[in-house]
Amino acid sequence: MKILHLIIDHQVVERTMGIYEQTFKGYNDIIIFDLFNKPFKHLDKINTSKVVKLGKGVKEGKKMLFTQYTHIVAHFLTMDMIDFIKCAPSNIHVCWEIYGWDLYNQFQCQLGVKISYTDPSKYAKNNKYYFIERFLTPLYNFALHLKGVKYISNRSKKEHLDYIATRIDSIQACCKYDAVAVMKYANRDIPWFESFNYSLKETLGDLYDHPFNDNKDILIGNSASFSNNHFYVINKLNNTNFPDDCRIIMPISYGGNALYREDIKSVYREKYGSKVEFITDYMHLHEYNKLFLRLRSMILSSWRQESIGTVIMGLYLGVKVFMSEYSPLYKWMHECGFILKTIEDAKNIDFATPLTLEEKVHNRNLVLEKYSEDVFATTLNIHFYNGGDK
């Protein structure tokens with residue numbers, strides 16, 4: 001057995017590769033796919049010189065010697081990865097590890113699935129080509145095609161999704177309903193298994209085994225992405241009063257764009273004044289984690305699978321987690337037995353009272369039962385060595 005991993009520059013991928021290497025030491029090769037044509041921000045430890053530039057999936061796939069590999073795992077599936085996989089022999093097992101954006105933003109949106117309360121195109125007006133892009137889409141796409149930008153059209157995205165839906169042999173997903181969405185599109189059953197691609201101990205750091213605190217503050221969202229649905233939250237909570245002694249923490253250091261981030265700040269300051277604390281600079285993971293020690297509640301109102309790392313850390317540390325009832329991740333976590341709330345049913349008292357100690361212990365034990373490194377390593381062994389599936 002030998003696994004070829006296709007990865008992008010992502011903040012969790014090195015931790016994922018660490019678990020694979022611990023589990024299958026010496027049986028992992030890595031190829032990095034450049035998704036943004038920018039210097040890498042997150043890949044410090046991965047030792048590979050193999051980088052596929054944007055738009056070069058077919059070219060690199062044709063040059064690749066696949067004979068030594070039994071499996072290909074695409075972590076965050078990109079269009080270039082699909083073109084690369086097209087060049088692989090059909091006897092190689094292909095597994096798609098769904099991250100979220102790769103399924104929902106890249107493909108589901110093109111199928112008419114609404115994943116954000118706010119239309120992102122509203123905030124493209126600071127783009128000098130906004131009106132061409134919005135109202136003359138075919139002309140805009142053709143101009144990008146002439147410049148060498150691939151995969152821009154919905155037709156191209158559908159063709160790639162059609163291919164990969166028939167080609168993949170298995171799915172890794174942190175949420176069952178991600179796999180269900182792919183199977184529904186493919187019109188076939190596809191073996192899947194649950195994965196959590198973080199090292200829980202590494203992610204929590206000093207907060208592992210940390211005692212539960214009685215805290216007061218509220219976290220809203222974990223980025224400025226449009227799918228964090230910041231304006232949906234404020235509209236849903238329009239008649240809700242947060243406790244006087246709490247502060248509202250809003251991380252908006254990445255995602256969205258400058259215009260959207262400014263609107264977030266303006267709307268929330270108007271509603272909550274000095275109670276709001278915006279985090280606008282990138283924070284190291286362990287510094288970010290310390291914020292959780294201040295929290296009584298967190299509101300993560302995405303309508304797609306998103307922010308599972310934040311959700312799991314909150315549940316582990318005894319935070320009361322609110323999600324949208326429209327979220328497939330909420331539906332899955334609820335089915336798994338976690339104690340959480342929906343923003344749609346939230347009342348004043350819900351933000352004024354913490355979880356009980358019994359509820360906190362229940363959520364922490366369930367996190368450890370489902371998401372520890374040992375559980376993930378065992379799952380990988382079953383899947384890759386024994387051909388097991390879920």
# chains A, B, ... in the order shown; residues from 1 in each chain; ligands from 1
call {"tool": "select_by_dssp", "arguments": {"residues": "segment 268-356 of chain A", "states": "strand (DSSP E or B)", "output": "short mmCIF file (atom, residue, chain, number, x, y, z; two decimals) with N, CA and C atoms, in the first residue's frame"}}
result
data_model
loop_
_atom_site.label_atom_id
_atom_site.label_comp_id
_atom_site.auth_asym_id
_atom_site.auth_seq_id
_atom_site.Cartn_x
_atom_site.Cartn_y
_atom_site.Cartn_z
N VAL A 276 -18.77 45.16 21.61
CA VAL A 276 -18.20 44.33 20.55
C VAL A 276 -16.70 44.49 20.48
N GLU A 277 -16.02 43.37 20.39
CA GLU A 277 -14.56 43.34 20.27
C GLU A 277 -14.20 42.61 18.97
N PHE A 278 -13.71 43.35 17.99
CA PHE A 278 -13.37 42.76 16.70
C PHE A 278 -11.91 42.31 16.69
N ILE A 279 -11.69 41.12 16.21
CA ILE A 279 -10.32 40.61 16.04
C ILE A 279 -9.99 40.72 14.57
N LEU A 295 -15.43 32.37 27.10
CA LEU A 295 -16.74 32.22 26.49
C LEU A 295 -17.74 31.46 27.35
N ARG A 296 -18.96 31.94 27.34
CA ARG A 296 -20.11 31.17 27.82
C ARG A 296 -20.82 30.55 26.60
N SER A 297 -20.87 31.32 25.50
CA SER A 297 -21.63 30.89 24.32
C SER A 297 -20.85 31.20 23.06
N MET A 298 -21.15 30.48 21.99
CA MET A 298 -20.66 30.84 20.67
C MET A 298 -21.79 30.64 19.66
N ILE A 299 -21.81 31.52 18.67
CA ILE A 299 -22.84 31.48 17.63
C ILE A 299 -22.14 31.26 16.29
N LEU A 300 -22.42 30.13 15.67
CA LEU A 300 -21.83 29.77 14.38
C LEU A 300 -22.98 29.41 13.45
N LYS A 320 -21.51 26.81 25.42
CA LYS A 320 -22.84 26.56 24.83
C LYS A 320 -22.78 26.98 23.36
N VAL A 321 -23.01 26.03 22.47
CA VAL A 321 -22.86 26.26 21.03
C VAL A 321 -24.22 26.44 20.37
N PHE A 322 -24.37 27.57 19.66
CA PHE A 322 -25.56 27.84 18.86
C PHE A 322 -25.20 27.73 17.38
N MET A 323 -26.00 26.99 16.63
CA MET A 323 -25.82 26.86 15.19
C MET A 323 -27.15 27.10 14.50
N LYS A 341 -27.65 24.22 20.68
CA LYS A 341 -28.86 25.01 20.50
C LYS A 341 -28.91 25.54 19.07
N THR A 342 -30.09 25.98 18.65
CA THR A 342 -30.20 26.66 17.36
C THR A 342 -30.43 28.14 17.59
#
call {"tool": "residues_around", "arguments": {"residues": "segment 247-261 of chain A", "least_positions_apart": "2", "cutoff": "8 Å", "atoms": "only C-alpha atoms", "output": "JSON, numbers by chain"}}
result
{"A": [123, 126, 216, 217, 218, 219, 220, 221, 222, 223, 224, 225, 226, 245, 263, 264, 265, 275, 276, 277, 278, 279, 280, 281, 282]}
call {"tool": "residues_around", "arguments": {"residues": "Asn187 of chain A", "least_positions_apart": "5", "cutoff": "10 Å", "atoms": "only C-alpha atoms", "output": "MDAnalysis selection string"}}
result
chainID A and resid 165:166 181:182
call {"tool": "closest_atom_pairs", "arguments": {"of": "segment 201-300 of chain A", "to": "segment 15-21 of chain A", "cutoff": "12 Å", "atoms": "only C-alpha atoms", "output": "CSV"}}
result
residue,atom,partner,partner_atom,distance
A:Lys201,CA,A:Arg15,CA,10.7
A:Glu202,CA,A:Arg15,CA,8.2
A:Thr203,CA,A:Arg15,CA,8.8
call {"tool": "closest_residue", "arguments": {"among": "A:Ser307, A:Tyr272, A:Val113, A:Phe33", "to": "Glu60 of chain A", "atoms": "only C-alpha atoms"}}
result
A:Phe33
call {"tool": "closest_residue", "arguments": {"among": "A:Lys25, A:His286, A:His75, A:Lys56", "to": "Gly100 of chain A", "atoms": "only C-alpha atoms"}}
result
A:His75
call {"tool": "closest_residue", "arguments": {"among": "A:Ala377, A:Ala173, A:Ala186, A:Cys246", "to": "Phe351 of chain A", "atoms": "only C-alpha atoms"}}
result
A:Cys246
call {"tool": "residues_around", "arguments": {"residues": "segment 354-365 of chain A", "least_positions_apart": "4", "cutoff": "8 Å", "atoms": "only C-alpha atoms", "output": "number ranges by chain"}}
result
A: 212, 214, 296-297, 315-320, 338-339, 350, 369
call {"tool": "write_last_selection", "arguments": {"atoms": "N, CA and C atoms", "output": "CSV table (one decimal), in the first residue's frame"}}
result
chain,number,residue,atom,x,y,z
A,212,PHE,N,-13.4,23.2,33.5
A,212,PHE,CA,-14.5,24.1,33.0
A,212,PHE,C,-14.5,25.4,33.8
A,214,ASP,N,-16.6,29.2,34.5
A,214,ASP,CA,-17.9,29.9,34.5
A,214,ASP,C,-17.6,31.3,33.8
A,296,ARG,N,-19.0,31.9,27.3
A,296,ARG,CA,-20.1,31.2,27.8
A,296,ARG,C,-20.8,30.6,26.6
A,297,SER,N,-20.9,31.3,25.5
A,297,SER,CA,-21.6,30.9,24.3
A,297,SER,C,-20.8,31.2,23.1
A,315,LEU,N,-17.3,22.7,22.3
A,315,LEU,CA,-18.0,21.6,23.0
A,315,LEU,C,-17.1,21.0,24.0
A,316,TYR,N,-15.8,20.8,23.7
A,316,TYR,CA,-14.8,20.2,24.6
A,316,TYR,C,-14.7,21.1,25.9
A,317,LEU,N,-14.6,22.4,25.7
A,317,LEU,CA,-14.4,23.3,26.8
A,317,LEU,C,-15.6,23.8,27.5
A,318,GLY,N,-16.8,23.2,27.2
A,318,GLY,CA,-18.0,23.5,28.0
A,318,GLY,C,-18.7,24.8,27.5
A,319,VAL,N,-18.5,25.2,26.3
A,319,VAL,CA,-19.1,26.4,25.8
A,319,VAL,C,-20.5,26.0,25.2
A,320,LYS,N,-21.5,26.8,25.4
A,320,LYS,CA,-22.8,26.6,24.8
A,320,LYS,C,-22.8,27.0,23.4
A,338,PHE,N,-24.6,15.4,20.7
A,338,PHE,CA,-24.1,16.6,21.3
A,338,PHE,C,-25.3,17.5,21.8
A,339,ILE,N,-25.0,18.2,22.8
A,339,ILE,CA,-26.0,19.1,23.4
A,339,ILE,C,-25.7,20.5,22.8
A,350,ASP,N,-31.2,31.9,27.2
A,350,ASP,CA,-30.2,30.9,26.7
A,350,ASP,C,-28.8,31.5,26.8
A,369,GLU,N,-14.6,10.7,22.6
A,369,GLU,CA,-15.0,9.4,22.1
A,369,GLU,C,-14.9,9.4,20.5
call {"tool": "decode", "arguments": {"residues": "segment 182-218 of chain A", "atoms": "N, CA and C atoms", "output": "mmCIF file, in the first residue's frame"}}
result
data_model
loop_
_atom_site.group_PDB
_atom_site.id
_atom_site.type_symbol
_atom_site.label_atom_id
_atom_site.label_comp_id
_atom_site.auth_asym_id
_atom_site.auth_seq_id
_atom_site.Cartn_x
_atom_site.Cartn_y
_atom_site.Cartn_z
ATOM 1 N N VAL A 182 -22.966 14.373 -1.967
ATOM 2 C CA VAL A 182 -22.231 13.833 -3.115
ATOM 3 C C VAL A 182 -22.935 12.597 -3.660
ATOM 4 N N MET A 183 -23.376 11.715 -2.761
ATOM 5 C CA MET A 183 -24.059 10.498 -3.209
ATOM 6 C C MET A 183 -25.369 10.821 -3.928
ATOM 7 N N LYS A 184 -26.058 11.841 -3.431
ATOM 8 C CA LYS A 184 -27.306 12.239 -4.085
ATOM 9 C C LYS A 184 -27.034 12.722 -5.497
ATOM 10 N N TYR A 185 -25.973 13.511 -5.659
ATOM 11 C CA TYR A 185 -25.632 14.007 -6.988
ATOM 12 C C TYR A 185 -25.183 12.858 -7.892
ATOM 13 N N ALA A 186 -24.374 11.952 -7.339
ATOM 14 C CA ALA A 186 -23.851 10.836 -8.120
ATOM 15 C C ALA A 186 -24.908 9.767 -8.396
ATOM 16 N N ASN A 187 -25.998 9.795 -7.641
ATOM 17 C CA ASN A 187 -27.079 8.814 -7.764
ATOM 18 C C ASN A 187 -26.566 7.387 -7.531
ATOM 19 N N ARG A 188 -25.704 7.267 -6.509
ATOM 20 C CA ARG A 188 -25.182 5.944 -6.143
ATOM 21 C C ARG A 188 -24.663 6.003 -4.711
ATOM 22 N N ASP A 189 -24.579 4.854 -4.092
ATOM 23 C CA ASP A 189 -23.965 4.767 -2.770
ATOM 24 C C ASP A 189 -22.449 4.782 -2.926
ATOM 25 N N ILE A 190 -21.797 5.551 -2.076
ATOM 26 C CA ILE A 190 -20.336 5.629 -2.073
ATOM 27 C C ILE A 190 -19.870 5.378 -0.646
ATOM 28 N N PRO A 191 -18.987 4.413 -0.428
ATOM 29 C CA PRO A 191 -18.485 4.185 0.936
ATOM 30 C C PRO A 191 -17.906 5.471 1.521
ATOM 31 N N TRP A 192 -18.220 5.737 2.778
ATOM 32 C CA TRP A 192 -17.693 6.934 3.417
ATOM 33 C C TRP A 192 -17.313 6.614 4.849
ATOM 34 N N PHE A 193 -16.413 7.407 5.395
ATOM 35 C CA PHE A 193 -16.088 7.275 6.810
ATOM 36 C C PHE A 193 -15.859 8.657 7.401
ATOM 37 N N GLU A 194 -16.149 8.745 8.688
ATOM 38 C CA GLU A 194 -16.051 10.028 9.375
ATOM 39 C C GLU A 194 -14.605 10.322 9.732
ATOM 40 N N SER A 195 -14.188 11.545 9.477
ATOM 41 C CA SER A 195 -12.819 11.942 9.802
ATOM 42 C C SER A 195 -12.825 13.308 10.471
ATOM 43 N N PHE A 196 -11.880 13.485 11.349
ATOM 44 C CA PHE A 196 -11.627 14.796 11.954
ATOM 45 C C PHE A 196 -10.142 15.045 11.783
ATOM 46 N N ASN A 197 -9.782 15.941 10.864
ATOM 47 C CA ASN A 197 -8.389 16.031 10.445
ATOM 48 C C ASN A 197 -7.527 16.960 11.281
ATOM 49 N N TYR A 198 -7.885 17.122 12.540
ATOM 50 C CA TYR A 198 -7.057 17.858 13.484
ATOM 51 C C TYR A 198 -6.470 16.863 14.483
ATOM 52 N N SER A 199 -5.303 17.180 15.005
ATOM 53 C CA SER A 199 -4.838 16.507 16.202
ATOM 54 C C SER A 199 -5.446 17.242 17.387
ATOM 55 N N LEU A 200 -6.337 16.583 18.096
ATOM 56 C CA LEU A 200 -7.064 17.258 19.170
ATOM 57 C C LEU A 200 -6.114 17.798 20.231
ATOM 58 N N LYS A 201 -5.136 17.001 20.637
ATOM 59 C CA LYS A 201 -4.191 17.448 21.672
ATOM 60 C C LYS A 201 -3.344 18.611 21.172
ATOM 61 N N GLU A 202 -2.902 18.525 19.914
ATOM 62 C CA GLU A 202 -2.079 19.603 19.362
ATOM 63 C C GLU A 202 -2.891 20.883 19.192
ATOM 64 N N THR A 203 -4.128 20.724 18.762
ATOM 65 C CA THR A 203 -4.981 21.881 18.550
ATOM 66 C C THR A 203 -5.318 22.574 19.866
ATOM 67 N N LEU A 204 -5.651 21.796 20.881
ATOM 68 C CA LEU A 204 -6.022 22.377 22.173
ATOM 69 C C LEU A 204 -4.814 22.846 22.967
ATOM 70 N N GLY A 205 -3.669 22.200 22.762
ATOM 71 C CA GLY A 205 -2.457 22.605 23.473
ATOM 72 C C GLY A 205 -2.650 22.566 24.979
ATOM 73 N N ASP A 206 -2.358 23.697 25.639
ATOM 74 C CA ASP A 206 -2.463 23.778 27.100
ATOM 75 C C ASP A 206 -3.901 23.651 27.600
ATOM 76 N N LEU A 207 -4.871 23.741 26.695
ATOM 77 C CA LEU A 207 -6.277 23.663 27.103
ATOM 78 C C LEU A 207 -6.784 22.226 27.176
ATOM 79 N N TYR A 208 -5.942 21.272 26.773
ATOM 80 C CA TYR A 208 -6.348 19.869 26.902
ATOM 81 C C TYR A 208 -6.445 19.524 28.387
ATOM 82 N N ASP A 209 -7.550 18.943 28.798
ATOM 83 C CA ASP A 209 -7.845 18.622 30.198
ATOM 84 C C ASP A 209 -8.066 19.875 31.057
ATOM 85 N N HIS A 210 -8.255 21.017 30.424
ATOM 86 C CA HIS A 210 -8.470 22.252 31.185
ATOM 87 C C HIS A 210 -9.805 22.157 31.924
ATOM 88 N N PRO A 211 -9.836 22.591 33.184
ATOM 89 C CA PRO A 211 -11.117 22.555 33.922
ATOM 90 C C PRO A 211 -12.138 23.496 33.292
ATOM 91 N N PHE A 212 -13.409 23.194 33.502
ATOM 92 C CA PHE A 212 -14.470 24.058 32.986
ATOM 93 C C PHE A 212 -14.502 25.367 33.766
ATOM 94 N N ASN A 213 -14.722 26.460 33.040
ATOM 95 C CA ASN A 213 -14.811 27.776 33.669
ATOM 96 C C ASN A 213 -16.250 28.288 33.618
ATOM 97 N N ASP A 214 -16.564 29.215 34.501
ATOM 98 C CA ASP A 214 -17.855 29.897 34.453
ATOM 99 C C ASP A 214 -17.609 31.260 33.816
ATOM 100 N N ASN A 215 -17.854 31.353 32.496
ATOM 101 C CA ASN A 215 -17.478 32.540 31.747
ATOM 102 C C ASN A 215 -18.706 33.313 31.283
ATOM 103 N N LYS A 216 -18.484 34.437 30.582
ATOM 104 C CA LYS A 216 -19.610 35.320 30.274
ATOM 105 C C LYS A 216 -19.687 35.752 28.814
ATOM 106 N N ASP A 217 -18.586 35.726 28.086
ATOM 107 C CA ASP A 217 -18.559 36.359 26.772
ATOM 108 C C ASP A 217 -19.165 35.463 25.682
ATOM 109 N N ILE A 218 -19.424 36.082 24.519
ATOM 110 C CA ILE A 218 -20.067 35.403 23.396
ATOM 111 C C ILE A 218 -19.196 35.573 22.149
#
